[in-house]
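Peer 1: Following this message is one structure expressed as structure tokens.
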Amino acid sequence: MIEKGGALGGDCLYFGCVPSKTLIRSANIYHMMKEAGRFGLPQPEVGPVKFSDIAGRIRAVIEIIEKHDSVERFCKLGARVEFGRAAFVDEHSVLLNGSVFSAKNWVIATGSSPSIPPIEGLDKTPYITNREIFSLEDLPRSMIVLGAGPIAVEMSQSFARLGTEVSVVQRSNQILSKEDKDMADQLMEVLGSEGVTFYLNSTVLSVSDLGGERAVVIRSGDGGELELRAETILIAMGRVANLDGLGLEGIGVGYTKKGLKVDRRLRTTRKHVYGAGDVTGENQFTHAAGYEGGIIIANAIFHLPKKTDYTYMPWCTYTDPEFASIGMNEKRAGQASIQYSVWEEEFKDNDRSLAEDEKVGRVKMILNEQERPLGVQILGPGAGEIINEWVAVLNGGVKLSTIASAVHPYPTLGEINKRVAGAFMSKKIFSNKVRKSLKFLFNLKGRACEWEDGGTL
């Protein structure tokens, strides 16, 4: 295994999943401290955040987890680790630190880096990305976030909760542009209520360094121009595959601006060279990379023609409330010209959600014409955990009637899955045909009482 950095673990451990979720947890606790009165508790005086302490906690968590990615552990597992920048010299060999290493099969899993847009003045203006944001010494007084994808919205909410004045500039008409707009808009309302300001349908024209703060000039959808100012600029406008310097052109491995060209067996245009993870430009999630590793082992080591299937690949944006998805949403179903129906349940009707004062969000189930699930989206408390039931249901081909009839513990947030499945099943159970059959079989007379205008008859 060859790693160009000084340690194993990659972006997920040092600049992605682990530090971001650690930061989010600290921000959520701080937010709850300031909201204690909502829960019938005495409201404490909450002092300002010292971000260096949060950064210290992030480093401590990373240190615990990185033991699992140590050279010693991989050596004990039988894998040799080398550090440095490797480049292919032929289709089976790479040059690394002056030595040539050869192998029958190769896996390119070099990950991705923040995409830096060609904005006027950016080359002369300080900015940060996900690589710097978790190790800041001080909490920025103000921050302009360019982009509104998962990283952008997670960091926007977290820093706003910690006390930073946050503005988000987004090119499209919604945040989380891959998600259904109605649910993304509901999440945006939550972030807006916590102080995050959004500029949608806006194009960044230029940026400049004013010394103590940065200026960002944007053009809105109506053509007007506006100058925003903040202490810090965070760029979160997508990712670019790490392919430079690998010498792929010389060995005929094809790639695009998006990433490596791979087939469903994750083979590149050179069949003995595979690609996995962010470097393919698809499904840029750590759990997707792990899944792809298994596909490659099946093909390269055991010679089993196993293919990828991303139909039910889940993902989650860890805002508060969380936004989790699996399969198709309305946007994707519409793009695929698939006829579908939508079934929803609100968290405000869930008893556990009310007990925890979590009233925002809902579950949305998408069914095709054959009334089989295409996908599920959940915006609400613990959505990333609640979606796991649907991971099992959809991948296992479990019937909706099974979910509707299964006993879920009360009171739990997960009951919302049973309720949305039950809502669909009740349409069949209480259809006119069934009602007529029951009336015939049991000679049903109707209701024992009626309710009209607030009185009993």
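Labels used: A, B, ... for chains in the order of the structure tokens, numbers from 1 for residues in each chain, and numbers from 1 for ligands as shown.
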Just the residues within 8 Å of Lys258 in chain A, please, counting only C-alpha atoms, with nothing from its chain fewer than 6 positions along; format it as a VMD selection string.

Peer 2: chain A and resid 240 to 241 280 to 281

Peer 1: Write out as a PyMOL selection string the set of residues from range 137-292 of chain A that DSSP, computed on the backbone, places in strand (DSSP E).

Peer 2: chain A and resi 142-146+165-169+197-199+203-209+214-219+225-230+232-235+239-241+273-275

Peer 1: Quick one: everything within 10 Å of range 323-329 of chain A, counting only C-alpha atoms, minus sequence neighbours fewer than 6 positions away in the same chain. Send it as JSON, numbers by chain.

Peer 2: {"A": [150, 176, 178, 179, 180, 183, 184, 187, 310, 311, 312, 313, 314, 315, 316, 317, 336, 340, 342, 361, 362, 363, 364, 365, 366, 367, 373, 374, 375, 376, 377, 378, 379, 380, 381, 382, 383, 384, 385, 386, 387, 388, 390, 391, 394]}

Peer 1: Mind writing the picked residues with N, CA and C atoms as a short mmCIF file (atom, residue, chain, number, x, y, z; two decimals), in the first residue's frame?

Peer 2:
```cif
data_model
loop_
_atom_site.label_atom_id
_atom_site.label_comp_id
_atom_site.auth_asym_id
_atom_site.auth_seq_id
_atom_site.Cartn_x
_atom_site.Cartn_y
_atom_site.Cartn_z
N PRO A 150 -23.49 19.30 1.28
CA PRO A 150 -23.47 18.75 2.64
C PRO A 150 -22.42 19.38 3.55
N LEU A 176 -28.45 21.94 -0.87
CA LEU A 176 -28.46 20.50 -1.11
C LEU A 176 -29.18 20.19 -2.42
N LYS A 178 -29.08 18.19 -4.80
CA LYS A 178 -29.44 16.85 -5.23
C LYS A 178 -30.69 16.33 -4.52
N GLU A 179 -31.11 17.03 -3.47
CA GLU A 179 -32.26 16.58 -2.69
C GLU A 179 -33.54 17.25 -3.18
N ASP A 180 -34.69 16.71 -2.75
CA ASP A 180 -35.97 17.33 -3.10
C ASP A 180 -36.05 18.72 -2.47
N MET A 183 -38.02 19.45 0.94
CA MET A 183 -37.37 19.05 2.19
C MET A 183 -36.11 19.90 2.45
N ALA A 184 -35.38 20.22 1.38
CA ALA A 184 -34.21 21.08 1.54
C ALA A 184 -34.62 22.47 2.03
N LEU A 187 -35.24 22.40 5.75
CA LEU A 187 -33.98 22.45 6.49
C LEU A 187 -33.39 23.85 6.46
N TYR A 310 -25.63 0.53 -6.97
CA TYR A 310 -25.81 1.67 -6.08
C TYR A 310 -27.28 2.04 -5.89
N THR A 311 -28.18 1.14 -6.31
CA THR A 311 -29.61 1.45 -6.25
C THR A 311 -30.03 1.91 -4.86
N TYR A 312 -29.55 1.22 -3.85
CA TYR A 312 -29.95 1.55 -2.48
C TYR A 312 -28.74 1.97 -1.63
N MET A 313 -27.92 2.85 -2.19
CA MET A 313 -26.80 3.41 -1.44
C MET A 313 -27.33 4.55 -0.55
N PRO A 314 -27.22 4.43 0.75
CA PRO A 314 -27.72 5.49 1.64
C PRO A 314 -26.71 6.61 1.82
N TRP A 315 -27.18 7.78 2.19
CA TRP A 315 -26.29 8.88 2.54
C TRP A 315 -27.00 9.80 3.53
N CYS A 316 -26.23 10.60 4.23
CA CYS A 316 -26.81 11.45 5.26
C CYS A 316 -26.04 12.76 5.37
N THR A 317 -26.77 13.85 5.54
CA THR A 317 -26.19 15.15 5.85
C THR A 317 -26.46 15.40 7.33
N ALA A 336 -35.90 10.41 -14.33
CA ALA A 336 -35.93 9.11 -14.99
C ALA A 336 -37.28 8.82 -15.63
N TYR A 340 -44.72 7.81 -10.05
CA TYR A 340 -44.55 7.46 -8.64
C TYR A 340 -45.64 8.10 -7.79
N VAL A 342 -46.28 9.44 -3.53
CA VAL A 342 -45.55 9.90 -2.35
C VAL A 342 -46.40 9.67 -1.10
N GLY A 361 -39.62 18.26 10.46
CA GLY A 361 -39.20 17.18 9.58
C GLY A 361 -40.26 16.14 9.32
N ARG A 362 -39.94 15.24 8.41
CA ARG A 362 -40.87 14.19 8.03
C ARG A 362 -40.13 13.09 7.29
N VAL A 363 -40.82 11.98 7.12
CA VAL A 363 -40.32 10.89 6.28
C VAL A 363 -41.14 10.90 5.00
N LYS A 364 -40.47 10.73 3.88
CA LYS A 364 -41.14 10.70 2.58
C LYS A 364 -40.78 9.39 1.88
N MET A 365 -41.79 8.59 1.58
CA MET A 365 -41.60 7.31 0.91
C MET A 365 -42.09 7.42 -0.53
N ILE A 366 -41.24 7.03 -1.48
CA ILE A 366 -41.57 7.10 -2.90
C ILE A 366 -41.85 5.70 -3.42
N LEU A 367 -43.05 5.49 -3.99
CA LEU A 367 -43.43 4.18 -4.55
C LEU A 367 -43.60 4.28 -6.06
N PRO A 373 -41.28 0.28 -3.15
CA PRO A 373 -40.47 1.46 -2.79
C PRO A 373 -39.35 1.73 -3.78
N LEU A 374 -39.27 2.99 -4.21
CA LEU A 374 -38.14 3.47 -5.01
C LEU A 374 -37.08 4.09 -4.11
N GLY A 375 -37.53 4.68 -3.00
CA GLY A 375 -36.59 5.32 -2.10
C GLY A 375 -37.30 5.96 -0.93
N VAL A 376 -36.52 6.39 0.03
CA VAL A 376 -37.05 7.03 1.24
C VAL A 376 -36.13 8.18 1.62
N GLN A 377 -36.72 9.30 1.97
CA GLN A 377 -35.97 10.45 2.49
C GLN A 377 -36.50 10.77 3.88
N ILE A 378 -35.59 11.09 4.79
CA ILE A 378 -35.99 11.42 6.15
C ILE A 378 -35.29 12.71 6.57
N LEU A 379 -36.06 13.71 6.91
CA LEU A 379 -35.55 14.93 7.53
C LEU A 379 -36.10 14.95 8.94
N GLY A 380 -35.21 14.83 9.91
CA GLY A 380 -35.71 14.81 11.28
C GLY A 380 -34.65 14.36 12.25
N PRO A 381 -34.99 14.34 13.55
CA PRO A 381 -34.02 13.93 14.57
C PRO A 381 -33.58 12.48 14.37
N GLY A 382 -32.28 12.25 14.39
CA GLY A 382 -31.77 10.89 14.26
C GLY A 382 -32.03 10.24 12.92
N ALA A 383 -32.20 11.05 11.87
CA ALA A 383 -32.54 10.49 10.55
C ALA A 383 -31.49 9.51 10.06
N GLY A 384 -30.22 9.78 10.36
CA GLY A 384 -29.16 8.89 9.92
C GLY A 384 -29.25 7.51 10.54
N GLU A 385 -29.82 7.41 11.73
CA GLU A 385 -30.03 6.12 12.37
C GLU A 385 -31.34 5.49 11.90
N ILE A 386 -32.38 6.30 11.75
CA ILE A 386 -33.69 5.78 11.36
C ILE A 386 -33.65 5.20 9.95
N ILE A 387 -32.81 5.76 9.07
CA ILE A 387 -32.74 5.29 7.69
C ILE A 387 -32.22 3.86 7.62
N ASN A 388 -31.51 3.41 8.68
CA ASN A 388 -30.94 2.07 8.65
C ASN A 388 -31.99 0.97 8.51
N TRP A 390 -34.59 1.20 6.68
CA TRP A 390 -34.89 1.16 5.26
C TRP A 390 -33.75 0.55 4.46
N VAL A 391 -32.51 0.65 4.96
CA VAL A 391 -31.39 -0.02 4.31
C VAL A 391 -31.65 -1.52 4.28
N LEU A 394 -35.07 -2.25 2.00
CA LEU A 394 -34.94 -2.14 0.56
C LEU A 394 -33.94 -3.14 -0.01
#
```

Peer 1: Just want the 7 Å neighbourhood of Trp106 in chain A, counted on only C-alpha atoms, with same-chain residues fewer than 4 positions away dropped. Output as an mmCIF file with C-alpha atoms, in the first residue's frame.

Peer 2:
```cif
data_model
loop_
_atom_site.group_PDB
_atom_site.id
_atom_site.type_symbol
_atom_site.label_atom_id
_atom_site.label_comp_id
_atom_site.auth_asym_id
_atom_site.auth_seq_id
_atom_site.Cartn_x
_atom_site.Cartn_y
_atom_site.Cartn_z
ATOM 1 C CA HIS A 272 -6.026 -4.978 -14.164
ATOM 2 C CA VAL A 273 -6.150 -1.434 -12.763
ATOM 3 C CA TYR A 274 -9.145 -0.723 -10.514
#
```

Peer 1: Please list as a tab-separated table (two decimals) with C-alpha atoms, in the first residue's frame every residue within 8 Å of Asn28 in chain A, counting only C-alpha atoms and excluding residues in the same chain fewer than 2 positions away.

Peer 2:
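In the end it all went to out-v1.tsv:
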```
chain	number	residue	atom	x	y	z
A	24	ILE	CA	-21.00	19.11	15.02
A	25	ARG	CA	-21.43	17.38	18.36
A	26	SER	CA	-19.70	20.21	20.23
A	30	TYR	CA	-23.42	24.35	23.01
A	31	HIS	CA	-26.71	25.08	21.27
A	32	MET	CA	-28.63	22.89	23.73
A	158	SER	CA	-22.20	24.43	13.41
A	161	ARG	CA	-24.36	27.80	16.70
A	320	ASP	CA	-29.79	19.28	13.02
```

Peer 1: Please identify all polymer residues within 8 Å of range 199-212 of chain A, counting only C-alpha atoms, omitting same-chain residues fewer than 3 positions from it, and present them as number ranges by chain.

Peer 2: A: 119-122, 124-126, 167-174, 215-221, 231
